[in-house]
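Content type mmCIF, C-alpha atoms, from the file upload_3.cif:
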data_start
#
loop_
_atom_site.label_atom_id
_atom_site.label_comp_id
_atom_site.auth_asym_id
_atom_site.auth_seq_id
_atom_site.Cartn_x
_atom_site.Cartn_y
_atom_site.Cartn_z
CA MET F 1 -174.89 17.46 -9.08
CA ALA F 2 -171.27 16.64 -9.88
CA ALA F 3 -172.26 13.13 -10.89
CA GLU F 4 -174.96 14.53 -13.19
CA ALA F 5 -172.51 16.98 -14.74
CA ASP F 6 -169.99 14.20 -15.26
CA GLY F 7 -172.56 12.06 -17.07
CA PRO F 8 -172.51 13.61 -20.58
CA LEU F 9 -168.74 14.18 -20.48
CA LYS F 10 -168.10 10.62 -19.38
CA ARG F 11 -170.35 9.21 -22.13
CA LEU F 12 -168.47 11.36 -24.65
CA LEU F 13 -164.98 10.32 -23.57
CA VAL F 14 -165.41 6.71 -22.33
CA PRO F 15 -164.49 4.43 -24.02
CA ILE F 16 -163.95 6.34 -27.29
CA LEU F 17 -161.03 8.46 -26.06
CA LEU F 18 -160.27 7.14 -22.59
CA PRO F 19 -160.66 3.98 -20.49
CA GLU F 20 -162.80 4.57 -17.39
CA LYS F 21 -159.82 4.41 -15.02
CA CYS F 22 -158.13 7.24 -16.93
CA TYR F 23 -161.33 9.29 -16.94
CA ASP F 24 -161.45 8.94 -13.14
CA GLN F 25 -157.76 9.81 -12.88
CA LEU F 26 -158.06 12.98 -14.98
CA PHE F 27 -161.59 14.25 -14.33
CA VAL F 28 -162.53 12.87 -10.91
CA GLN F 29 -159.20 13.02 -9.08
CA TRP F 30 -158.10 15.95 -11.31
CA ASP F 31 -154.64 14.48 -11.76
CA LEU F 32 -154.14 16.41 -15.02
CA LEU F 33 -150.43 15.55 -15.20
CA HIS F 34 -150.93 11.78 -15.23
CA VAL F 35 -148.63 11.02 -18.18
CA PRO F 36 -149.85 7.49 -19.15
CA CYS F 37 -153.48 8.67 -19.37
CA LEU F 38 -152.51 11.86 -21.21
CA LYS F 39 -150.64 9.74 -23.76
CA ILE F 40 -153.74 7.60 -24.27
CA LEU F 41 -155.92 10.71 -24.70
CA LEU F 42 -153.46 12.28 -27.15
CA SER F 43 -153.07 9.06 -29.12
CA LYS F 44 -156.82 8.42 -29.37
CA GLY F 45 -157.50 12.04 -30.29
CA LEU F 46 -154.81 12.07 -32.96
CA GLY F 47 -155.92 8.69 -34.30
CA LEU F 48 -159.56 9.67 -34.64
CA GLY F 49 -158.53 13.03 -36.12
CA ILE F 50 -156.45 11.25 -38.76
CA VAL F 51 -159.32 8.87 -39.54
CA ALA F 52 -161.75 11.79 -39.89
CA GLY F 53 -159.28 13.78 -42.00
CA SER F 54 -158.66 10.80 -44.27
CA LEU F 55 -162.19 11.18 -45.60
CA LEU F 56 -160.97 14.25 -47.49
CA VAL F 57 -157.21 13.69 -47.91
CA LYS F 58 -157.24 12.48 -51.51
CA LEU F 59 -160.30 14.36 -52.71
CA PRO F 60 -158.16 17.34 -53.84
CA GLN F 61 -156.19 14.87 -55.99
CA VAL F 62 -159.40 13.38 -57.41
CA PHE F 63 -160.83 16.83 -58.17
CA LYS F 64 -157.57 17.98 -59.76
CA ILE F 65 -157.64 14.99 -62.14
CA LEU F 66 -161.32 15.52 -62.96
CA GLY F 67 -160.82 19.27 -63.47
CA ALA F 68 -157.87 18.78 -65.81
CA LYS F 69 -159.44 15.71 -67.47
CA SER F 70 -155.93 14.33 -67.28
CA ALA F 71 -153.76 12.19 -65.01
CA GLU F 72 -150.49 13.49 -66.45
CA GLY F 73 -147.57 13.21 -64.06
CA LEU F 74 -149.13 10.45 -61.98
CA SER F 75 -147.46 7.06 -61.97
CA LEU F 76 -150.09 4.32 -62.28
CA GLN F 77 -147.64 1.77 -60.87
CA SER F 78 -147.06 4.00 -57.84
CA VAL F 79 -150.79 4.49 -57.24
CA MET F 80 -151.38 0.73 -57.49
CA LEU F 81 -148.52 -0.04 -55.11
CA GLU F 82 -149.93 2.50 -52.68
CA LEU F 83 -153.24 0.65 -52.92
CA VAL F 84 -151.42 -2.59 -52.08
CA ALA F 85 -149.74 -0.94 -49.07
CA LEU F 86 -153.04 0.51 -47.79
CA THR F 87 -154.75 -2.84 -48.28
CA GLY F 88 -151.95 -4.55 -46.38
CA THR F 89 -152.28 -2.14 -43.44
CA MET F 90 -156.06 -2.55 -43.36
CA VAL F 91 -156.07 -6.36 -43.58
CA TYR F 92 -153.17 -6.70 -41.11
CA SER F 93 -154.94 -4.45 -38.59
CA ILE F 94 -158.29 -6.23 -38.92
CA THR F 95 -156.57 -9.62 -38.57
CA ASN F 96 -154.78 -8.50 -35.39
CA ASN F 97 -157.91 -6.82 -33.94
CA PHE F 98 -156.23 -3.41 -33.62
CA PRO F 99 -158.56 -0.53 -32.58
CA PHE F 100 -160.18 1.27 -35.51
CA SER F 101 -158.62 4.57 -34.40
CA SER F 102 -155.16 3.10 -35.15
CA TRP F 103 -155.84 2.16 -38.79
CA GLY F 104 -159.24 3.50 -39.93
CA GLU F 105 -157.76 5.97 -42.38
CA ALA F 106 -156.40 3.05 -44.43
CA LEU F 107 -160.01 2.12 -45.29
CA PHE F 108 -160.95 5.61 -46.49
CA LEU F 109 -157.63 6.20 -48.26
CA MET F 110 -158.04 2.82 -49.98
CA LEU F 111 -161.43 3.87 -51.38
CA GLN F 112 -160.00 7.17 -52.64
CA THR F 113 -156.86 5.54 -54.04
CA ILE F 114 -158.81 2.95 -56.00
CA THR F 115 -160.87 5.84 -57.43
CA ILE F 116 -157.63 7.50 -58.57
CA CYS F 117 -156.48 4.20 -60.12
CA PHE F 118 -159.66 4.05 -62.15
CA LEU F 119 -159.42 7.71 -63.21
CA VAL F 120 -155.82 7.27 -64.37
CA MET F 121 -156.89 4.32 -66.54
CA HIS F 122 -160.00 6.13 -67.74
CA TYR F 123 -158.08 9.21 -68.92
CA ARG F 124 -155.57 6.96 -70.65
CA GLY F 125 -158.41 5.47 -72.70
CA GLN F 126 -158.53 2.21 -70.70
CA THR F 127 -161.97 2.49 -69.10
CA VAL F 128 -162.90 -1.18 -69.60
CA LYS F 129 -159.59 -2.23 -68.10
CA GLY F 130 -160.31 0.07 -65.16
CA VAL F 131 -163.71 -1.54 -64.50
CA ALA F 132 -162.13 -5.01 -64.64
CA PHE F 133 -159.46 -3.85 -62.20
CA LEU F 134 -162.12 -2.70 -59.71
CA ALA F 135 -163.85 -6.09 -59.88
CA CYS F 136 -160.59 -8.02 -59.45
CA TYR F 137 -159.53 -5.86 -56.51
CA GLY F 138 -162.83 -6.48 -54.73
CA LEU F 139 -162.39 -10.24 -55.16
CA VAL F 140 -158.79 -10.17 -53.88
CA LEU F 141 -159.83 -8.12 -50.85
CA LEU F 142 -162.51 -10.67 -49.94
CA VAL F 143 -159.94 -13.48 -50.14
CA LEU F 144 -157.41 -11.57 -47.99
CA LEU F 145 -160.01 -10.97 -45.29
CA SER F 146 -161.15 -14.59 -45.31
CA PRO F 147 -159.65 -17.43 -43.21
CA LEU F 148 -158.16 -18.82 -46.44
CA THR F 149 -155.25 -16.36 -46.27
CA PRO F 150 -152.42 -17.35 -43.87
CA LEU F 151 -151.25 -14.75 -41.34
CA THR F 152 -147.73 -14.88 -42.81
CA VAL F 153 -149.07 -13.62 -46.15
CA VAL F 154 -150.91 -10.77 -44.45
CA THR F 155 -147.78 -9.83 -42.48
CA LEU F 156 -145.64 -9.88 -45.63
CA LEU F 157 -148.17 -7.68 -47.41
CA GLN F 158 -147.99 -5.16 -44.57
CA ALA F 159 -144.18 -5.13 -44.54
CA SER F 160 -143.71 -4.70 -48.30
CA ASN F 161 -144.11 -2.00 -50.90
CA VAL F 162 -144.03 1.17 -48.79
CA PRO F 163 -140.68 2.49 -50.11
CA ALA F 164 -141.43 1.32 -53.65
CA VAL F 165 -144.74 3.21 -53.69
CA VAL F 166 -143.21 6.62 -53.24
CA LEU F 167 -139.89 5.99 -54.94
CA LEU F 168 -141.73 5.17 -58.17
CA GLN F 169 -143.64 8.47 -57.97
CA ALA F 170 -140.41 10.30 -57.08
CA ALA F 171 -138.68 8.77 -60.11
CA THR F 172 -141.62 9.81 -62.32
CA ASN F 173 -141.40 13.39 -61.02
CA TYR F 174 -137.64 13.50 -61.61
CA HIS F 175 -137.98 12.07 -65.11
CA ASN F 176 -140.73 14.53 -66.04
CA GLY F 177 -139.09 17.54 -64.41
CA HIS F 178 -142.45 18.49 -62.85
CA THR F 179 -145.15 17.02 -60.61
CA GLY F 180 -148.00 17.23 -63.13
CA GLN F 181 -151.45 16.71 -61.59
CA LEU F 182 -150.02 15.75 -58.19
CA SER F 183 -152.00 17.63 -55.50
CA ALA F 184 -149.92 19.59 -52.96
CA ILE F 185 -152.74 19.44 -50.40
CA THR F 186 -152.92 15.65 -50.62
CA VAL F 187 -149.14 15.20 -50.42
CA PHE F 188 -148.71 17.39 -47.34
CA LEU F 189 -151.71 15.86 -45.57
CA LEU F 190 -150.30 12.37 -46.18
CA PHE F 191 -146.91 13.47 -44.87
CA GLY F 192 -148.38 14.96 -41.68
CA GLY F 193 -150.66 11.98 -41.14
CA SER F 194 -147.85 9.44 -41.47
CA LEU F 195 -145.74 11.38 -38.94
CA ALA F 196 -148.59 11.39 -36.41
CA ARG F 197 -149.21 7.69 -37.03
CA ILE F 198 -145.73 6.79 -35.73
CA PHE F 199 -146.82 7.88 -32.25
CA THR F 200 -150.35 6.48 -32.38
CA SER F 201 -149.24 3.07 -33.70
CA ILE F 202 -146.68 2.72 -30.89
CA GLN F 203 -149.19 3.85 -28.28
CA GLU F 204 -152.27 1.92 -29.46
CA THR F 205 -150.90 -1.26 -31.02
CA GLY F 206 -147.39 -1.69 -29.62
CA ASP F 207 -146.65 -3.40 -32.93
CA PRO F 208 -143.10 -2.66 -34.23
CA LEU F 209 -144.08 -3.56 -37.80
CA MET F 210 -146.88 -0.98 -37.83
CA ALA F 211 -144.62 1.68 -36.30
CA GLY F 212 -141.76 0.87 -38.70
CA THR F 213 -144.11 1.06 -41.67
CA PHE F 214 -145.12 4.61 -40.73
CA VAL F 215 -141.49 5.66 -40.13
CA VAL F 216 -140.61 4.58 -43.68
CA SER F 217 -143.85 6.08 -45.00
CA SER F 218 -143.00 9.43 -43.38
CA LEU F 219 -139.54 9.48 -44.96
CA CYS F 220 -140.92 8.63 -48.38
CA ASN F 221 -143.82 11.11 -48.20
CA GLY F 222 -141.32 13.73 -47.07
CA LEU F 223 -139.34 13.10 -50.26
CA ILE F 224 -142.42 13.70 -52.43
CA ALA F 225 -143.27 16.85 -50.43
CA ALA F 226 -139.71 18.14 -51.00
CA GLN F 227 -140.03 17.46 -54.74
CA LEU F 228 -143.33 19.33 -54.85
CA LEU F 229 -141.65 22.39 -53.35
CA PHE F 230 -138.65 22.05 -55.66
CA TYR F 231 -140.81 21.75 -58.80
CA TRP F 232 -143.42 24.26 -57.56
CA ASN F 233 -143.14 26.58 -60.57
CA ALA F 234 -142.30 23.91 -63.12
CA LYS F 235 -145.04 23.35 -65.70
CA PRO F 236 -145.63 20.33 -67.93
CA PRO F 237 -144.39 21.08 -71.45
CA HIS F 238 -147.17 21.69 -73.96
CA LYS F 239 -147.55 18.90 -76.43
CA GLN F 240 -146.68 20.11 -79.87
CA LYS F 241 -149.05 19.26 -82.67
CA LYS F 242 -147.59 17.05 -85.32
CA ALA F 243 -146.98 18.71 -88.63
CA GLN F 244 -149.62 17.92 -91.19
#
Just give me the structure as structure tokens.
Amino acid sequence: MAAEADGPLKRLLVPILLPEKCYDQLFVQWDLLHVPCLKILLSKGLGLGIVAGSLLVKLPQVFKILGAKSAEGLSLQSVMLELVALTGTMVYSITNNFPFSSWGEALFLMLQTITICFLVMHYRGQTVKGVAFLACYGLVLLVLLSPLTPLTVVTLLQASNVPAVVLLQAATNYHNGHTGQLSAITVFLLFGGSLARIFTSIQETGDPLMAGTFVVSSLCNGLIAAQLLFYWNAKPPHKQKKAQ
């Protein structure tokens, strides 16, 4: 009977959240204070939660742009650099065969970020340029994932751009004196996700570059979150009509 009861639970947890030896340690021997296995369970749970949450992280930003029919306050350079950083994380992780739970959100955030890139161009009257950008990005992504791209290039792509991404947006916010169409929900979700990723990247990949990237990302996202709170009641100035 115990074996039958364990069946569904074991199929649910192994190997998605736990290796079989940890399942036995926790749920057969009932050693619920086994720290290494608890760390694996926590890391896998957090990782999969972040991946699932990433499906919706940037949708508030997309809807805010669509609702306002404007991308005012968003730095196109910052959004594009963020796309480069996400692409670097995704390609680097695939190349190194890291588990999907340690990087999967990069895929979904990349799709949402490239949508924002297009919307920013579209609402600036550059729709054709936006379509061309989508096509070029798809081609570049194929090349990066192919054997043609050396590992050193992929590693460099992963290591670069993270501070620049957010600092450009921070500079735009400071220059404007407001955060425009920047979504508070998206900013705080990104901040929380990058903090959690420090732990999961150490636990699941053991890669110092991945962990360091998320440390820097957390600091930078924290800066944007602080600006959002500081400029919470600041409104974009209304554009005055030119005198006839």
Residue IDs satisfying the PyMOL selection byres ((chain F and resi 198) around 8), as a count of residues only: 12
Show me the residues around (-155.2, -6.5, -42.5) - criterion: an atom at most 12 Å away, all atoms listed in the file counted - as a PDB file with C-alpha atoms, keeping the file's coordinate frame.
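Final output, selection-v7.pdb:
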ATOM      1  CA  VAL F  84    -151.420  -2.590 -52.080  1.00  0.00           C
ATOM      2  CA  ALA F  85    -149.740  -0.940 -49.070  1.00  0.00           C
ATOM      3  CA  LEU F  86    -153.040   0.510 -47.790  1.00  0.00           C
ATOM      4  CA  THR F  87    -154.750  -2.840 -48.280  1.00  0.00           C
ATOM      5  CA  GLY F  88    -151.950  -4.550 -46.380  1.00  0.00           C
ATOM      6  CA  THR F  89    -152.280  -2.140 -43.440  1.00  0.00           C
ATOM      7  CA  MET F  90    -156.060  -2.550 -43.360  1.00  0.00           C
ATOM      8  CA  VAL F  91    -156.070  -6.360 -43.580  1.00  0.00           C
ATOM      9  CA  TYR F  92    -153.170  -6.700 -41.110  1.00  0.00           C
ATOM     10  CA  SER F  93    -154.940  -4.450 -38.590  1.00  0.00           C
ATOM     11  CA  ILE F  94    -158.290  -6.230 -38.920  1.00  0.00           C
ATOM     12  CA  THR F  95    -156.570  -9.620 -38.570  1.00  0.00           C
ATOM     13  CA  ASN F  96    -154.780  -8.500 -35.390  1.00  0.00           C
ATOM     14  CA  ASN F  97    -157.910  -6.820 -33.940  1.00  0.00           C
ATOM     15  CA  PHE F  98    -156.230  -3.410 -33.620  1.00  0.00           C
ATOM     16  CA  PHE F 100    -160.180   1.270 -35.510  1.00  0.00           C
ATOM     17  CA  TRP F 103    -155.840   2.160 -38.790  1.00  0.00           C
ATOM     18  CA  GLY F 104    -159.240   3.500 -39.930  1.00  0.00           C
ATOM     19  CA  ALA F 106    -156.400   3.050 -44.430  1.00  0.00           C
ATOM     20  CA  LEU F 107    -160.010   2.120 -45.290  1.00  0.00           C
ATOM     21  CA  LEU F 141    -159.830  -8.120 -50.850  1.00  0.00           C
ATOM     22  CA  LEU F 142    -162.510 -10.670 -49.940  1.00  0.00           C
ATOM     23  CA  VAL F 143    -159.940 -13.480 -50.140  1.00  0.00           C
ATOM     24  CA  LEU F 144    -157.410 -11.570 -47.990  1.00  0.00           C
ATOM     25  CA  LEU F 145    -160.010 -10.970 -45.290  1.00  0.00           C
ATOM     26  CA  SER F 146    -161.150 -14.590 -45.310  1.00  0.00           C
ATOM     27  CA  PRO F 147    -159.650 -17.430 -43.210  1.00  0.00           C
ATOM     28  CA  THR F 149    -155.250 -16.360 -46.270  1.00  0.00           C
ATOM     29  CA  PRO F 150    -152.420 -17.350 -43.870  1.00  0.00           C
ATOM     30  CA  LEU F 151    -151.250 -14.750 -41.340  1.00  0.00           C
ATOM     31  CA  THR F 152    -147.730 -14.880 -42.810  1.00  0.00           C
ATOM     32  CA  VAL F 153    -149.070 -13.620 -46.150  1.00  0.00           C
ATOM     33  CA  VAL F 154    -150.910 -10.770 -44.450  1.00  0.00           C
ATOM     34  CA  THR F 155    -147.780  -9.830 -42.480  1.00  0.00           C
ATOM     35  CA  LEU F 156    -145.640  -9.880 -45.630  1.00  0.00           C
ATOM     36  CA  LEU F 157    -148.170  -7.680 -47.410  1.00  0.00           C
ATOM     37  CA  GLN F 158    -147.990  -5.160 -44.570  1.00  0.00           C
ATOM     38  CA  ALA F 159    -144.180  -5.130 -44.540  1.00  0.00           C
ATOM     39  CA  MET F 210    -146.880  -0.980 -37.830  1.00  0.00           C
TER      40      MET F 210
END
Nearby residues (only C-alpha atoms) at most 9 Å from Leu18 of chain F, same-chain spacing under 6 positions excluded, as number ranges by chain: F: 37, 40-41, 44
Give the centre and edge lengths of an axis-aligned box, in Å to one decimal, that holds all listed atoms of segment 121-135 of chain F with 5 Å on each side, as AutoDock Vina command-line options.
--center_x -159.7 --center_y 1.6 --center_z -66.2 --size_x 18.3 --size_y 25.3 --size_z 23.0
Shell around segment 58-71 of chain F at 9 Å using all atoms listed in the file, local window under 6 positions removed, as a PDB file with C-alpha atoms, in the coordinates of the input:
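So out37.pdb came out as:
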ATOM      1  CA  LEU F 109    -157.630   6.200 -48.260  1.00  0.00           C
ATOM      2  CA  GLN F 112    -160.000   7.170 -52.640  1.00  0.00           C
ATOM      3  CA  THR F 113    -156.860   5.540 -54.040  1.00  0.00           C
ATOM      4  CA  THR F 115    -160.870   5.840 -57.430  1.00  0.00           C
ATOM      5  CA  ILE F 116    -157.630   7.500 -58.570  1.00  0.00           C
ATOM      6  CA  LEU F 119    -159.420   7.710 -63.210  1.00  0.00           C
ATOM      7  CA  VAL F 120    -155.820   7.270 -64.370  1.00  0.00           C
ATOM      8  CA  MET F 121    -156.890   4.320 -66.540  1.00  0.00           C
ATOM      9  CA  TYR F 123    -158.080   9.210 -68.920  1.00  0.00           C
ATOM     10  CA  ARG F 124    -155.570   6.960 -70.650  1.00  0.00           C
ATOM     11  CA  GLY F 180    -148.000  17.230 -63.130  1.00  0.00           C
ATOM     12  CA  GLN F 181    -151.450  16.710 -61.590  1.00  0.00           C
ATOM     13  CA  LEU F 182    -150.020  15.750 -58.190  1.00  0.00           C
ATOM     14  CA  SER F 183    -152.000  17.630 -55.500  1.00  0.00           C
ATOM     15  CA  ALA F 184    -149.920  19.590 -52.960  1.00  0.00           C
ATOM     16  CA  ILE F 185    -152.740  19.440 -50.400  1.00  0.00           C
ATOM     17  CA  THR F 186    -152.920  15.650 -50.620  1.00  0.00           C
ATOM     18  CA  VAL F 187    -149.140  15.200 -50.420  1.00  0.00           C
ATOM     19  CA  LEU F 189    -151.710  15.860 -45.570  1.00  0.00           C
ATOM     20  CA  LEU F 190    -150.300  12.370 -46.180  1.00  0.00           C
TER      21      LEU F 190
END
Which of F:Phe230, F:Trp30, F:Phe118, F:Tyr23 sits closest to Tyr174 of chain F [using only C-alpha atoms]: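 Closest residue, counting only C-alpha atoms: F:Phe230.
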From F:Asp207, F:Asp24, F:Asp31, F:Glu72, residue lying nearest Asn173 of chain F [all atoms listed in the file]: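 Result for the nearest residue to Asn173 of chain F: F:Glu72.
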Between atom CA of Ser218 of chain F and atom CA of Glu82 of chain F, distance in Å (one decimal):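 Separation of atom CA of Ser218 of chain F and atom CA of Glu82 of chain F: 13.5 Å.
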Point-to-point distance in Å for atom CA of Gly53 of chain F and atom CA of Leu76 of chain F: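 Interatomic distance, atom CA of Leu76 of chain F to atom CA of Gly53 of chain F: 24.2 Å.
Of the residues under consideration (F:Leu148, F:Cys22, F:Leu48, F:Val79), F:Cys22 shows the shortest atom-to-atom contact distance to Pro36 of chain F when counting all atoms listed in the file.
For the atom pair formed by atom CA of Cys136 of chain F and atom CA of Leu81 of chain F, the distance is 15.1 Å, given to one decimal.
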Distance criterion (all atoms listed in the file): nearest to Ala52 of chain F out of F:Pro99, F:Leu134, F:Thr127, F:Gly193: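 Comparing F:Pro99, F:Leu134, F:Thr127, F:Gly193 against Ala52 of chain F, the winner is F:Gly193.
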